[in-house]
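S.K.: Okay, so here is final-v3.tsv, and as you'll see once you scroll down, it has TSV, C-alpha atoms.
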```tsv
chain	number	residue	atom	x	y	z
D	1	MET	CA	60.58	134.08	99.41
D	2	ALA	CA	63.60	134.86	101.63
D	3	GLN	CA	62.07	132.89	104.50
D	4	ASN	CA	61.48	129.89	102.23
D	5	GLN	CA	65.08	130.03	101.00
D	6	THR	CA	66.36	130.14	104.57
D	7	SER	CA	64.22	127.17	105.53
D	8	ARG	CA	65.46	125.18	102.55
D	9	GLY	CA	69.03	126.21	103.29
D	10	LEU	CA	68.76	125.04	106.89
D	11	LEU	CA	67.33	121.71	105.76
D	12	ILE	CA	70.23	121.24	103.33
D	13	ALA	CA	72.66	122.25	106.10
D	14	VAL	CA	71.26	119.46	108.26
D	15	VAL	CA	71.91	117.02	105.41
D	16	ALA	CA	75.47	118.36	105.10
D	17	ALA	CA	76.16	118.01	108.83
D	18	ALA	CA	74.65	114.53	108.98
D	19	SER	CA	76.76	113.36	106.04
D	20	PHE	CA	79.99	115.09	107.13
D	21	GLY	CA	79.64	113.56	110.59
D	22	LEU	CA	79.76	110.02	109.16
D	23	SER	CA	83.46	110.22	108.33
D	24	GLY	CA	84.95	109.60	111.77
D	25	ALA	CA	82.70	106.69	112.74
D	26	PHE	CA	83.13	104.91	109.40
D	27	ILE	CA	86.84	105.59	108.93
D	28	LYS	CA	87.91	104.52	112.43
D	29	PRO	CA	87.08	100.82	111.77
D	30	LEU	CA	89.33	101.00	108.70
D	31	LEU	CA	92.15	102.47	110.79
D	32	GLU	CA	91.70	99.76	113.40
D	33	SER	CA	91.85	97.08	110.69
D	34	GLY	CA	95.26	98.26	109.54
D	35	TRP	CA	94.71	101.22	107.21
D	36	SER	CA	97.03	104.17	107.71
D	37	PRO	CA	95.48	107.67	107.96
D	38	ALA	CA	97.15	108.75	104.71
D	39	ALA	CA	95.74	105.77	102.81
D	40	ALA	CA	92.25	106.29	104.24
D	41	VAL	CA	92.23	110.00	103.40
D	42	THR	CA	93.62	109.41	99.90
D	43	ALA	CA	90.92	106.85	99.10
D	44	ARG	CA	88.20	109.02	100.63
D	45	VAL	CA	89.01	112.23	98.78
D	46	LEU	CA	89.64	110.55	95.43
D	47	ILE	CA	86.28	108.79	95.60
D	48	GLY	CA	84.57	112.04	96.59
D	49	GLY	CA	86.36	113.99	93.87
D	50	VAL	CA	85.39	111.48	91.18
D	51	VAL	CA	81.75	111.55	92.30
D	52	LEU	CA	81.70	115.38	92.23
D	53	ALA	CA	83.65	115.74	88.96
D	54	PRO	CA	80.61	115.52	86.60
D	55	PHE	CA	78.80	118.20	88.60
D	56	ALA	CA	81.91	120.39	88.52
D	57	ILE	CA	82.18	120.02	84.73
D	58	LEU	CA	78.53	121.04	84.34
D	59	ALA	CA	79.03	124.05	86.61
D	60	LEU	CA	82.13	125.21	84.73
D	61	ARG	CA	80.27	125.24	81.38
D	62	GLY	CA	83.50	125.26	79.44
D	63	ARG	CA	85.10	128.08	81.45
D	64	TRP	CA	88.32	126.12	81.93
D	65	ALA	CA	90.40	129.29	82.29
D	66	SER	CA	88.84	129.82	85.73
D	67	LEU	CA	90.68	126.71	86.94
D	68	TRP	CA	94.00	128.31	86.03
D	69	ARG	CA	93.06	131.67	87.55
D	70	GLY	CA	92.11	129.90	90.78
D	71	ARG	CA	95.12	127.57	90.78
D	72	TRP	CA	96.61	128.89	94.04
D	73	ARG	CA	93.26	128.72	95.79
D	74	LEU	CA	92.80	125.17	94.50
D	75	LEU	CA	96.29	124.24	95.69
D	76	GLY	CA	95.64	125.69	99.14
D	77	MET	CA	92.33	123.87	99.36
D	78	ALA	CA	93.99	120.60	98.30
D	79	LEU	CA	96.95	120.76	100.65
D	80	VAL	CA	95.43	122.52	103.69
D	81	GLY	CA	91.67	122.04	103.57
D	82	VAL	CA	91.65	118.49	102.22
D	83	ALA	CA	94.91	116.59	102.63
D	84	GLY	CA	96.49	118.15	105.70
D	85	THR	CA	93.41	118.63	107.85
D	86	GLN	CA	91.91	115.22	107.06
D	87	VAL	CA	95.14	113.27	107.65
D	88	LEU	CA	95.61	115.01	110.98
D	89	TYR	CA	92.00	114.39	112.02
D	90	PHE	CA	92.13	110.70	111.08
D	91	ALA	CA	95.48	110.34	112.84
D	92	ALA	CA	93.90	111.93	115.93
D	93	ILE	CA	90.92	109.53	116.03
D	94	GLU	CA	93.37	106.63	115.97
D	95	ARG	CA	94.39	107.70	119.48
D	96	ILE	CA	91.44	109.60	120.98
D	97	PRO	CA	87.63	109.27	120.71
D	98	VAL	CA	85.90	110.69	117.64
D	99	GLY	CA	83.75	113.01	119.79
D	100	THR	CA	86.79	114.51	121.51
D	101	ALA	CA	88.65	115.05	118.22
D	102	ILE	CA	85.71	116.72	116.46
D	103	LEU	CA	85.03	119.02	119.43
D	104	ILE	CA	88.65	120.18	119.37
D	105	GLU	CA	88.65	120.66	115.59
D	106	TYR	CA	85.51	122.77	115.72
D	107	LEU	CA	87.22	125.34	117.91
D	108	ALA	CA	88.45	126.75	114.58
D	109	PRO	CA	86.08	129.77	114.79
D	110	VAL	CA	87.91	130.89	117.94
D	111	VAL	CA	91.22	130.66	116.05
D	112	LEU	CA	89.73	132.80	113.29
D	113	VAL	CA	88.67	135.43	115.82
D	114	LEU	CA	92.23	135.58	117.15
D	115	PHE	CA	93.61	135.71	113.60
D	116	VAL	CA	91.49	138.72	112.68
D	117	TRP	CA	92.28	140.38	116.01
D	118	ALA	CA	96.02	140.03	115.35
D	119	ARG	CA	95.69	141.18	111.74
D	120	THR	CA	93.49	144.22	112.31
D	121	ARG	CA	94.69	145.04	115.86
D	122	ARG	CA	91.09	145.77	116.76
D	123	ALA	CA	89.72	143.90	119.77
D	124	PRO	CA	86.59	141.79	119.19
D	125	LYS	CA	83.38	142.71	120.95
D	126	ALA	CA	82.73	141.55	124.50
D	127	VAL	CA	80.31	138.81	123.42
D	128	VAL	CA	82.98	137.35	121.13
D	129	LEU	CA	85.64	137.39	123.86
D	130	ALA	CA	83.18	135.81	126.30
D	131	GLY	CA	82.27	133.10	123.80
D	132	SER	CA	85.93	132.35	123.11
D	133	ALA	CA	86.67	132.06	126.84
D	134	VAL	CA	83.69	129.73	127.36
D	135	ALA	CA	84.77	127.55	124.43
D	136	ILE	CA	88.34	127.28	125.71
D	137	ALA	CA	87.03	126.34	129.17
D	138	GLY	CA	84.97	123.62	127.53
D	139	LEU	CA	88.05	122.39	125.68
D	140	LEU	CA	89.90	121.96	128.97
D	141	LEU	CA	87.09	119.72	130.22
D	142	VAL	CA	86.93	117.70	126.99
D	143	VAL	CA	90.65	116.91	126.89
D	144	SER	CA	90.86	116.20	130.65
D	145	PRO	CA	88.32	113.39	131.06
D	146	GLY	CA	89.58	112.19	134.42
D	147	GLY	CA	88.49	108.82	135.71
D	148	GLY	CA	92.07	107.56	135.78
D	149	LYS	CA	92.27	107.30	132.00
D	150	PRO	CA	95.62	108.63	130.73
D	151	LEU	CA	95.54	111.66	128.46
D	152	ASP	CA	96.93	110.95	124.99
D	153	LEU	CA	98.95	114.09	124.37
D	154	VAL	CA	99.88	113.05	120.83
D	155	GLY	CA	96.22	112.54	119.90
D	156	ILE	CA	95.30	115.91	121.40
D	157	ALA	CA	98.16	117.62	119.55
D	158	LEU	CA	97.02	116.06	116.26
D	159	ALA	CA	93.46	117.27	116.84
D	160	VAL	CA	94.67	120.78	117.69
D	161	THR	CA	96.75	120.87	114.49
D	162	ALA	CA	93.69	119.69	112.56
D	163	MET	CA	91.82	122.60	114.13
D	164	LEU	CA	94.42	125.01	112.72
D	165	GLY	CA	94.03	123.37	109.32
D	166	CYS	CA	90.27	123.76	109.56
D	167	ALA	CA	90.72	127.47	110.25
D	168	GLY	CA	93.00	127.71	107.23
D	169	TYR	CA	90.32	126.00	105.15
D	170	TYR	CA	87.79	128.71	106.05
D	171	ILE	CA	90.25	131.45	105.11
D	172	ILE	CA	91.06	129.84	101.76
D	173	ALA	CA	87.39	129.22	101.00
D	174	ALA	CA	86.64	132.90	101.68
D	175	ARG	CA	88.90	134.22	98.93
D	176	PRO	CA	87.27	135.53	95.72
D	177	SER	CA	85.98	132.87	93.35
D	178	ASP	CA	87.15	134.66	90.18
D	179	GLY	CA	84.66	132.64	88.17
D	180	LEU	CA	85.43	129.29	89.80
D	181	PRO	CA	82.17	127.61	90.92
D	182	PRO	CA	82.21	126.31	94.51
D	183	VAL	CA	81.52	122.72	93.40
D	184	ALA	CA	84.49	122.94	91.02
D	185	LEU	CA	86.67	124.18	93.88
D	186	ALA	CA	85.50	121.25	96.01
D	187	ALA	CA	86.01	118.63	93.28
D	188	GLY	CA	89.36	120.09	92.22
D	189	GLY	CA	90.57	120.34	95.81
D	190	LEU	CA	89.56	116.75	96.54
D	191	LEU	CA	91.21	115.33	93.42
D	192	ALA	CA	94.36	117.42	93.75
D	193	GLY	CA	94.59	116.61	97.46
D	194	GLY	CA	94.29	112.90	96.75
D	195	VAL	CA	96.98	113.03	94.06
D	196	ALA	CA	99.29	115.03	96.36
D	197	LEU	CA	98.83	112.53	99.19
D	198	ALA	CA	99.52	109.60	96.86
D	199	ALA	CA	102.67	111.31	95.56
D	200	VAL	CA	103.99	112.10	99.04
D	201	SER	CA	103.17	108.60	100.27
D	202	ALA	CA	105.05	107.11	97.31
D	203	THR	CA	108.23	108.77	98.61
D	204	GLY	CA	107.84	107.03	101.97
D	205	LEU	CA	107.38	110.26	103.93
D	206	LEU	CA	103.86	109.19	104.94
D	207	PRO	CA	103.02	105.58	105.87
D	208	PHE	CA	100.61	104.26	103.22
D	209	VAL	CA	99.05	100.99	104.34
D	210	VAL	CA	95.92	99.38	102.92
D	211	SER	CA	94.17	96.34	104.37
D	212	THR	CA	91.50	94.15	102.77
D	213	ARG	CA	90.50	92.55	106.07
D	214	ASP	CA	86.89	92.78	107.18
D	215	VAL	CA	86.11	95.62	109.58
D	216	GLU	CA	84.00	95.77	112.72
D	217	LEU	CA	80.80	97.65	111.94
D	218	PHE	CA	77.33	97.68	113.53
D	219	GLY	CA	78.51	95.12	116.06
D	220	GLY	CA	79.53	92.65	113.34
D	221	SER	CA	81.95	92.34	110.45
D	222	ALA	CA	81.68	94.00	107.05
D	223	PRO	CA	83.86	94.12	103.91
D	224	TRP	CA	86.51	96.85	103.97
D	225	TRP	CA	84.99	98.64	101.00
D	226	VAL	CA	81.64	99.27	102.73
D	227	PRO	CA	82.81	102.05	105.10
D	228	LEU	CA	85.06	103.44	102.36
D	229	ALA	CA	82.14	103.70	99.93
D	230	VAL	CA	79.95	105.35	102.58
D	231	VAL	CA	82.64	107.90	103.43
D	232	GLY	CA	83.55	108.62	99.81
D	233	ALA	CA	80.01	108.99	98.45
D	234	LEU	CA	78.15	110.38	101.49
D	235	ALA	CA	80.63	111.90	103.95
D	236	THR	CA	82.66	113.51	101.15
D	237	ALA	CA	80.79	114.01	97.85
D	238	LEU	CA	77.29	114.57	99.26
D	239	ALA	CA	78.66	116.46	102.26
D	240	TYR	CA	80.68	118.92	100.21
D	241	ALA	CA	77.93	119.43	97.63
D	242	SER	CA	75.20	120.02	100.21
D	243	GLY	CA	77.48	122.12	102.41
D	244	ILE	CA	78.34	124.43	99.53
D	245	THR	CA	74.69	124.73	98.55
D	246	ALA	CA	73.65	125.53	102.12
D	247	ALA	CA	76.37	128.16	102.47
D	248	ASN	CA	75.23	129.85	99.26
D	249	MET	CA	71.62	129.95	100.51
D	250	LEU	CA	72.31	130.94	104.12
D	251	GLY	CA	75.38	133.12	103.91
D	252	SER	CA	78.63	132.63	105.77
D	253	ARG	CA	77.48	133.43	109.34
D	254	LEU	CA	74.29	131.36	109.50
D	255	GLY	CA	75.81	128.62	107.35
D	256	SER	CA	78.84	128.21	109.63
D	257	PHE	CA	76.62	128.20	112.72
D	258	ALA	CA	74.48	125.44	111.15
D	259	GLY	CA	77.72	123.55	110.50
D	260	LEU	CA	78.07	123.01	114.25
D	261	LEU	CA	75.49	120.25	113.83
D	262	GLU	CA	78.36	118.13	112.53
D	263	VAL	CA	79.74	117.91	116.05
D	264	VAL	CA	76.46	116.48	117.29
D	265	ALA	CA	76.21	114.13	114.31
D	266	ALA	CA	79.79	112.86	114.64
D	267	THR	CA	79.38	112.20	118.36
D	268	PHE	CA	76.06	110.42	117.77
D	269	TYR	CA	77.51	108.18	115.06
D	270	ALA	CA	80.52	107.35	117.22
D	271	TRP	CA	78.17	106.26	120.02
D	272	LEU	CA	75.86	104.32	117.68
D	273	LEU	CA	78.49	102.58	115.53
D	274	LEU	CA	81.60	102.43	117.74
D	275	GLY	CA	80.18	102.41	121.26
D	276	GLU	CA	82.15	105.55	122.12
D	277	SER	CA	80.61	108.05	124.48
D	278	LEU	CA	81.66	111.13	126.41
D	279	ASN	CA	81.60	111.04	130.19
D	280	ALA	CA	79.65	113.61	132.19
D	281	LEU	CA	82.59	116.02	132.47
D	282	GLN	CA	83.28	115.84	128.76
D	283	LEU	CA	79.60	116.34	127.95
D	284	VAL	CA	79.65	119.53	130.01
D	285	GLY	CA	82.78	120.58	128.13
D	286	GLY	CA	81.11	119.84	124.80
D	287	VAL	CA	78.10	121.95	125.74
D	288	LEU	CA	80.45	124.79	126.76
D	289	ILE	CA	82.31	124.57	123.43
D	290	LEU	CA	79.08	124.69	121.43
D	291	GLY	CA	77.69	127.45	123.65
D	292	GLY	CA	80.88	129.48	123.35
D	293	ILE	CA	80.95	129.19	119.57
D	294	ALA	CA	77.24	130.10	119.50
D	295	LEU	CA	78.10	133.32	121.37
D	296	VAL	CA	80.88	134.02	118.88
D	297	ARG	CA	78.52	133.45	115.97
D	298	ALA	CA	75.68	135.43	117.57
D	299	ASP	CA	77.50	138.72	117.17
D	300	PRO	CA	75.71	140.58	114.37
D	301	VAL	CA	77.55	141.22	111.13
D	302	THR	CA	76.88	143.74	108.43
D	303	PRO	CA	74.17	142.33	106.15
D	304	ALA	CA	74.92	141.49	102.56
D	305	PRO	CA	74.12	144.17	100.00
D	306	THR	CA	70.78	143.80	98.29
D	307	THR	CA	72.09	145.10	94.96
D	308	PRO	CA	73.97	142.83	92.55
D	309	PRO	CA	77.72	142.76	93.25
D	310	THR	CA	79.94	144.93	91.09
D	311	SER	CA	83.55	144.42	90.17
D	312	THR	CA	84.57	145.80	93.57
D	313	THR	CA	81.72	144.44	95.73
D	314	LEU	CA	81.53	140.76	96.51
D	315	GLU	CA	78.38	139.23	97.96
D	316	PRO	CA	79.10	137.28	101.18
D	317	SER	CA	76.28	134.82	100.58
D	318	LYS	CA	78.09	133.51	97.52
D	319	GLY	CA	81.04	132.35	99.55
D	320	THR	CA	83.33	135.15	98.40
D	321	SER	CA	84.00	136.72	101.78
D	322	LEU	CA	84.34	135.51	105.28
D	323	SER	CA	82.38	137.59	107.77
D	324	LEU	CA	84.04	137.03	111.08
D	325	PRO	CA	82.18	137.93	114.26
D	326	GLY	CA	83.29	140.85	116.35
D	327	VAL	CA	85.07	142.55	113.46
D	328	PRO	CA	83.51	145.26	111.27
D	329	SER	CA	82.80	144.28	107.68
D	330	ASP	CA	85.74	146.28	106.33
D	331	ASN	CA	88.12	144.29	108.49
D	332	ASN	CA	87.21	140.77	107.45
D	333	VAL	CA	89.68	138.25	106.12
D	334	PRO	CA	91.43	139.78	103.07
D	335	LEU	CA	89.84	138.87	99.78
D	336	GLY	CA	92.63	139.89	97.43
```
Could you render the structure from this file as structure tokens?
M.R.:
Amino acid sequence: MAQNQTSRGLLIAVVAAASFGLSGAFIKPLLESGWSPAAAVTARVLIGGVVLAPFAILALRGRWASLWRGRWRLLGMALVGVAGTQVLYFAAIERIPVGTAILIEYLAPVVLVLFVWARTRRAPKAVVLAGSAVAIAGLLLVVSPGGGKPLDLVGIALAVTAMLGCAGYYIIAARPSDGLPPVALAAGGLLAGGVALAAVSATGLLPFVVSTRDVELFGGSAPWWVPLAVVGALATALAYASGITAANMLGSRLGSFAGLLEVVAATFYAWLLLGESLNALQLVGGVLILGGIALVRADPVTPAPTTPPTSTTLEPSKGTSLSLPGVPSDNNVPLG
């Protein structure tokens, strides 16, 4: 039974990675046609939130008080995990290739290792330190492509900041649910993030530009709403729903490792739809990043308890704790 659940969870994780990876390749044509990153993110998350809303309502089953109890977690998810990280990532792919940006963003696990190290003052295990060093070496190769092409420092800085936002997303997602279903957290975070972006953009602090011009897609032109619909329904709603389901079935460690497939998917879509590709040096760097994160994730963690969780024991496989590699289970990210 456990083996069957793991197999199903891995299959759903592949669906999540394949759908998440669509966002960069389908949003970049919108950005090139005149859309601003804030406008593209706002449209994306609002569409995704609306699609997920009925499922969130069903999952809540009338327990509306859980939304209020989880208000700070919802706010953090909206501002950090949804609005901030996505705007920064889309701003980055305006200036640098999608593959480069996604490789940088997915160094977030290394940031989490450093965060826990600083918080607990307990050094990670050797395999974790080795994996972090390998991943950082890979990053240096990815952001230094050579070949006479100038390095866009602004694009790299945006991607690095998106990486920090991604790490913050994992920390926020690891806090106790307090009765708030994961799909409700996703839908609420998407909708609240979209509203927040629209409000900030209305003040003029963020450029908010929408274009109805046709976009370049599949080597031809397509209406502007086609990539937006794909990103909203597939790369947001389906991606979040399947990602949450996979994490619940696989647990945090295996689920996050399976999430690395998004890097492969995003790079593949960028090559297929945009003609972008990594040169040999960057490919080596990408392999080093993935290999380094694999070493970080390979460090064993304390298994989840087999007994039902009590009021003081939270089951990691339900998304209520974040088991970080190299740190004993009693020194994980705080849950309170």
S.K.: For the interface of range 170-232 of chain D with range 87-98 of chain D (cut-off 12 Å, counting all atoms listed in the file), please tabulate each contacting residue of range 170-232 of chain D alongside its nearest pair of atoms and their separation in Å to one decimal, rows sorted by chain and increasing number, as a Markdown table.
M.R.:
```
| residue | atom | partner | partner_atom | distance |
| --- | --- | --- | --- | --- |
| D:Gly193 | CA | D:Val87 | CA | 10.7 |
| D:Gly194 | CA | D:Val87 | CA | 10.9 |
| D:Leu197 | CA | D:Val87 | CA | 9.3 |
| D:Ser201 | CA | D:Val87 | CA | 11.9 |
| D:Leu206 | CA | D:Val87 | CA | 10.0 |
| D:Pro207 | CA | D:Val87 | CA | 11.2 |
| D:Phe208 | CA | D:Val87 | CA | 11.4 |
```
S.K.: In terms of the shortest atom-to-atom distance over only C-alpha atoms, which of D:Ala239, D:Ala65, D:Ala196, D:Leu205 is closest to Val14 in chain D?
M.R.: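 Of all the options, D:Ala239 lies closest to Val14 in chain D.
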S.K.: Pick from D:Val296, D:Cys166, D:Ile289, D:Val51: nearest to Leu191 in chain D, with only C-alpha atoms counted?
M.R.: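 Residue with the minimum atom-to-atom distance to Leu191 in chain D: D:Val51.
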S.K.: Can you tell me how far CA of Arg213 in chain D sits from CA of Ala40 in chain D, in Å to one decimal?
M.R.: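 Here the two named atoms are 14.0 Å from each other.
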S.K.: Please provide as a PDB file with C-alpha atoms, in the frame of the given file all residues within 8 Å of range 163-165 of chain D, with the sequence filter that same-chain residues fewer than 4 positions apart are discarded (counting only C-alpha atoms).
M.R.:
```
ATOM      1  CA  VAL D  80      95.430 122.520 103.690  1.00  0.00           C
ATOM      2  CA  GLY D  81      91.670 122.040 103.570  1.00  0.00           C
ATOM      3  CA  GLY D  84      96.490 118.150 105.700  1.00  0.00           C
ATOM      4  CA  THR D  85      93.410 118.630 107.850  1.00  0.00           C
ATOM      5  CA  ILE D 104      88.650 120.180 119.370  1.00  0.00           C
ATOM      6  CA  GLU D 105      88.650 120.660 115.590  1.00  0.00           C
ATOM      7  CA  TYR D 106      85.510 122.770 115.720  1.00  0.00           C
ATOM      8  CA  LEU D 107      87.220 125.340 117.910  1.00  0.00           C
ATOM      9  CA  ALA D 108      88.450 126.750 114.580  1.00  0.00           C
ATOM     10  CA  VAL D 111      91.220 130.660 116.050  1.00  0.00           C
ATOM     11  CA  ALA D 159      93.460 117.270 116.840  1.00  0.00           C
ATOM     12  CA  TYR D 169      90.320 126.000 105.150  1.00  0.00           C
TER      13      TYR D 169
END
```
S.K.: Could N, CA, C and O atoms be built for range 219-238 of chain D and written out as a PDB file, keeping the file's coordinate frame?
M.R.:
```pdb
ATOM      1  N   GLY D 219      78.419  96.257 115.173  1.00  0.00           N
ATOM      2  CA  GLY D 219      78.510  95.120 116.060  1.00  0.00           C
ATOM      3  C   GLY D 219      78.859  93.811 115.377  1.00  0.00           C
ATOM      4  O   GLY D 219      78.881  92.756 116.014  1.00  0.00           O
ATOM      5  N   GLY D 220      79.144  93.847 114.084  1.00  0.00           N
ATOM      6  CA  GLY D 220      79.530  92.650 113.340  1.00  0.00           C
ATOM      7  C   GLY D 220      80.660  92.990 112.388  1.00  0.00           C
ATOM      8  O   GLY D 220      81.319  94.018 112.515  1.00  0.00           O
ATOM      9  N   SER D 221      80.893  92.105 111.415  1.00  0.00           N
ATOM     10  CA  SER D 221      81.950  92.340 110.450  1.00  0.00           C
ATOM     11  C   SER D 221      81.345  92.750 109.109  1.00  0.00           C
ATOM     12  O   SER D 221      80.223  92.373 108.766  1.00  0.00           O
ATOM     13  N   ALA D 222      82.115  93.533 108.364  1.00  0.00           N
ATOM     14  CA  ALA D 222      81.680  94.000 107.050  1.00  0.00           C
ATOM     15  C   ALA D 222      82.905  94.094 106.153  1.00  0.00           C
ATOM     16  O   ALA D 222      84.026  94.279 106.630  1.00  0.00           O
ATOM     17  N   PRO D 223      82.730  93.961 104.822  1.00  0.00           N
ATOM     18  CA  PRO D 223      83.860  94.120 103.910  1.00  0.00           C
ATOM     19  C   PRO D 223      84.481  95.504 104.033  1.00  0.00           C
ATOM     20  O   PRO D 223      83.793  96.485 104.326  1.00  0.00           O
ATOM     21  N   TRP D 224      85.772  95.604 103.798  1.00  0.00           N
ATOM     22  CA  TRP D 224      86.510  96.850 103.970  1.00  0.00           C
ATOM     23  C   TRP D 224      85.979  97.975 103.087  1.00  0.00           C
ATOM     24  O   TRP D 224      86.055  99.145 103.447  1.00  0.00           O
ATOM     25  N   TRP D 225      85.416  97.605 101.928  1.00  0.00           N
ATOM     26  CA  TRP D 225      84.990  98.640 101.000  1.00  0.00           C
ATOM     27  C   TRP D 225      83.666  99.304 101.402  1.00  0.00           C
ATOM     28  O   TRP D 225      83.320 100.364 100.879  1.00  0.00           O
ATOM     29  N   VAL D 226      82.922  98.696 102.329  1.00  0.00           N
ATOM     30  CA  VAL D 226      81.640  99.270 102.730  1.00  0.00           C
ATOM     31  C   VAL D 226      81.822 100.629 103.415  1.00  0.00           C
ATOM     32  O   VAL D 226      81.229 101.633 102.990  1.00  0.00           O
ATOM     33  N   PRO D 227      82.626 100.720 104.493  1.00  0.00           N
ATOM     34  CA  PRO D 227      82.810 102.050 105.100  1.00  0.00           C
ATOM     35  C   PRO D 227      83.491 103.036 104.164  1.00  0.00           C
ATOM     36  O   PRO D 227      83.191 104.237 104.198  1.00  0.00           O
ATOM     37  N   LEU D 228      84.375 102.543 103.293  1.00  0.00           N
ATOM     38  CA  LEU D 228      85.060 103.440 102.360  1.00  0.00           C
ATOM     39  C   LEU D 228      84.076 104.030 101.360  1.00  0.00           C
ATOM     40  O   LEU D 228      84.138 105.229 101.050  1.00  0.00           O
ATOM     41  N   ALA D 229      83.148 103.202 100.870  1.00  0.00           N
ATOM     42  CA  ALA D 229      82.140 103.700  99.930  1.00  0.00           C
ATOM     43  C   ALA D 229      81.222 104.706 100.602  1.00  0.00           C
ATOM     44  O   ALA D 229      80.856 105.737 100.008  1.00  0.00           O
ATOM     45  N   VAL D 230      80.827 104.428 101.853  1.00  0.00           N
ATOM     46  CA  VAL D 230      79.950 105.350 102.580  1.00  0.00           C
ATOM     47  C   VAL D 230      80.635 106.699 102.773  1.00  0.00           C
ATOM     48  O   VAL D 230      80.045 107.767 102.537  1.00  0.00           O
ATOM     49  N   VAL D 231      81.899 106.651 103.183  1.00  0.00           N
ATOM     50  CA  VAL D 231      82.640 107.900 103.430  1.00  0.00           C
ATOM     51  C   VAL D 231      82.872 108.661 102.134  1.00  0.00           C
ATOM     52  O   VAL D 231      82.703 109.884 102.068  1.00  0.00           O
ATOM     53  N   GLY D 232      83.262 107.941 101.066  1.00  0.00           N
ATOM     54  CA  GLY D 232      83.550 108.620  99.810  1.00  0.00           C
ATOM     55  C   GLY D 232      82.320 109.251  99.183  1.00  0.00           C
ATOM     56  O   GLY D 232      82.349 110.416  98.759  1.00  0.00           O
ATOM     57  N   ALA D 233      81.207 108.502  99.134  1.00  0.00           N
ATOM     58  CA  ALA D 233      80.010 108.990  98.450  1.00  0.00           C
ATOM     59  C   ALA D 233      79.189 109.939  99.323  1.00  0.00           C
ATOM     60  O   ALA D 233      78.701 110.969  98.849  1.00  0.00           O
ATOM     61  N   LEU D 234      79.018 109.599 100.614  1.00  0.00           N
ATOM     62  CA  LEU D 234      78.150 110.380 101.490  1.00  0.00           C
ATOM     63  C   LEU D 234      78.913 111.425 102.293  1.00  0.00           C
ATOM     64  O   LEU D 234      78.576 112.614 102.259  1.00  0.00           O
ATOM     65  N   ALA D 235      79.930 110.986 103.047  1.00  0.00           N
ATOM     66  CA  ALA D 235      80.630 111.900 103.950  1.00  0.00           C
ATOM     67  C   ALA D 235      81.596 112.826 103.213  1.00  0.00           C
ATOM     68  O   ALA D 235      82.184 113.718 103.842  1.00  0.00           O
ATOM     69  N   THR D 236      81.779 112.623 101.908  1.00  0.00           N
ATOM     70  CA  THR D 236      82.660 113.510 101.150  1.00  0.00           C
ATOM     71  C   THR D 236      81.901 114.186 100.011  1.00  0.00           C
ATOM     72  O   THR D 236      81.696 115.397 100.027  1.00  0.00           O
ATOM     73  N   ALA D 237      81.448 113.407  99.021  1.00  0.00           N
ATOM     74  CA  ALA D 237      80.790 114.010  97.850  1.00  0.00           C
ATOM     75  C   ALA D 237      79.485 114.701  98.238  1.00  0.00           C
ATOM     76  O   ALA D 237      79.298 115.896  97.976  1.00  0.00           O
ATOM     77  N   LEU D 238      78.567 113.968  98.861  1.00  0.00           N
ATOM     78  CA  LEU D 238      77.290 114.570  99.260  1.00  0.00           C
ATOM     79  C   LEU D 238      77.509 115.678 100.271  1.00  0.00           C
ATOM     80  O   LEU D 238      76.862 116.730 100.216  1.00  0.00           O
TER      81      LEU D 238
END
```
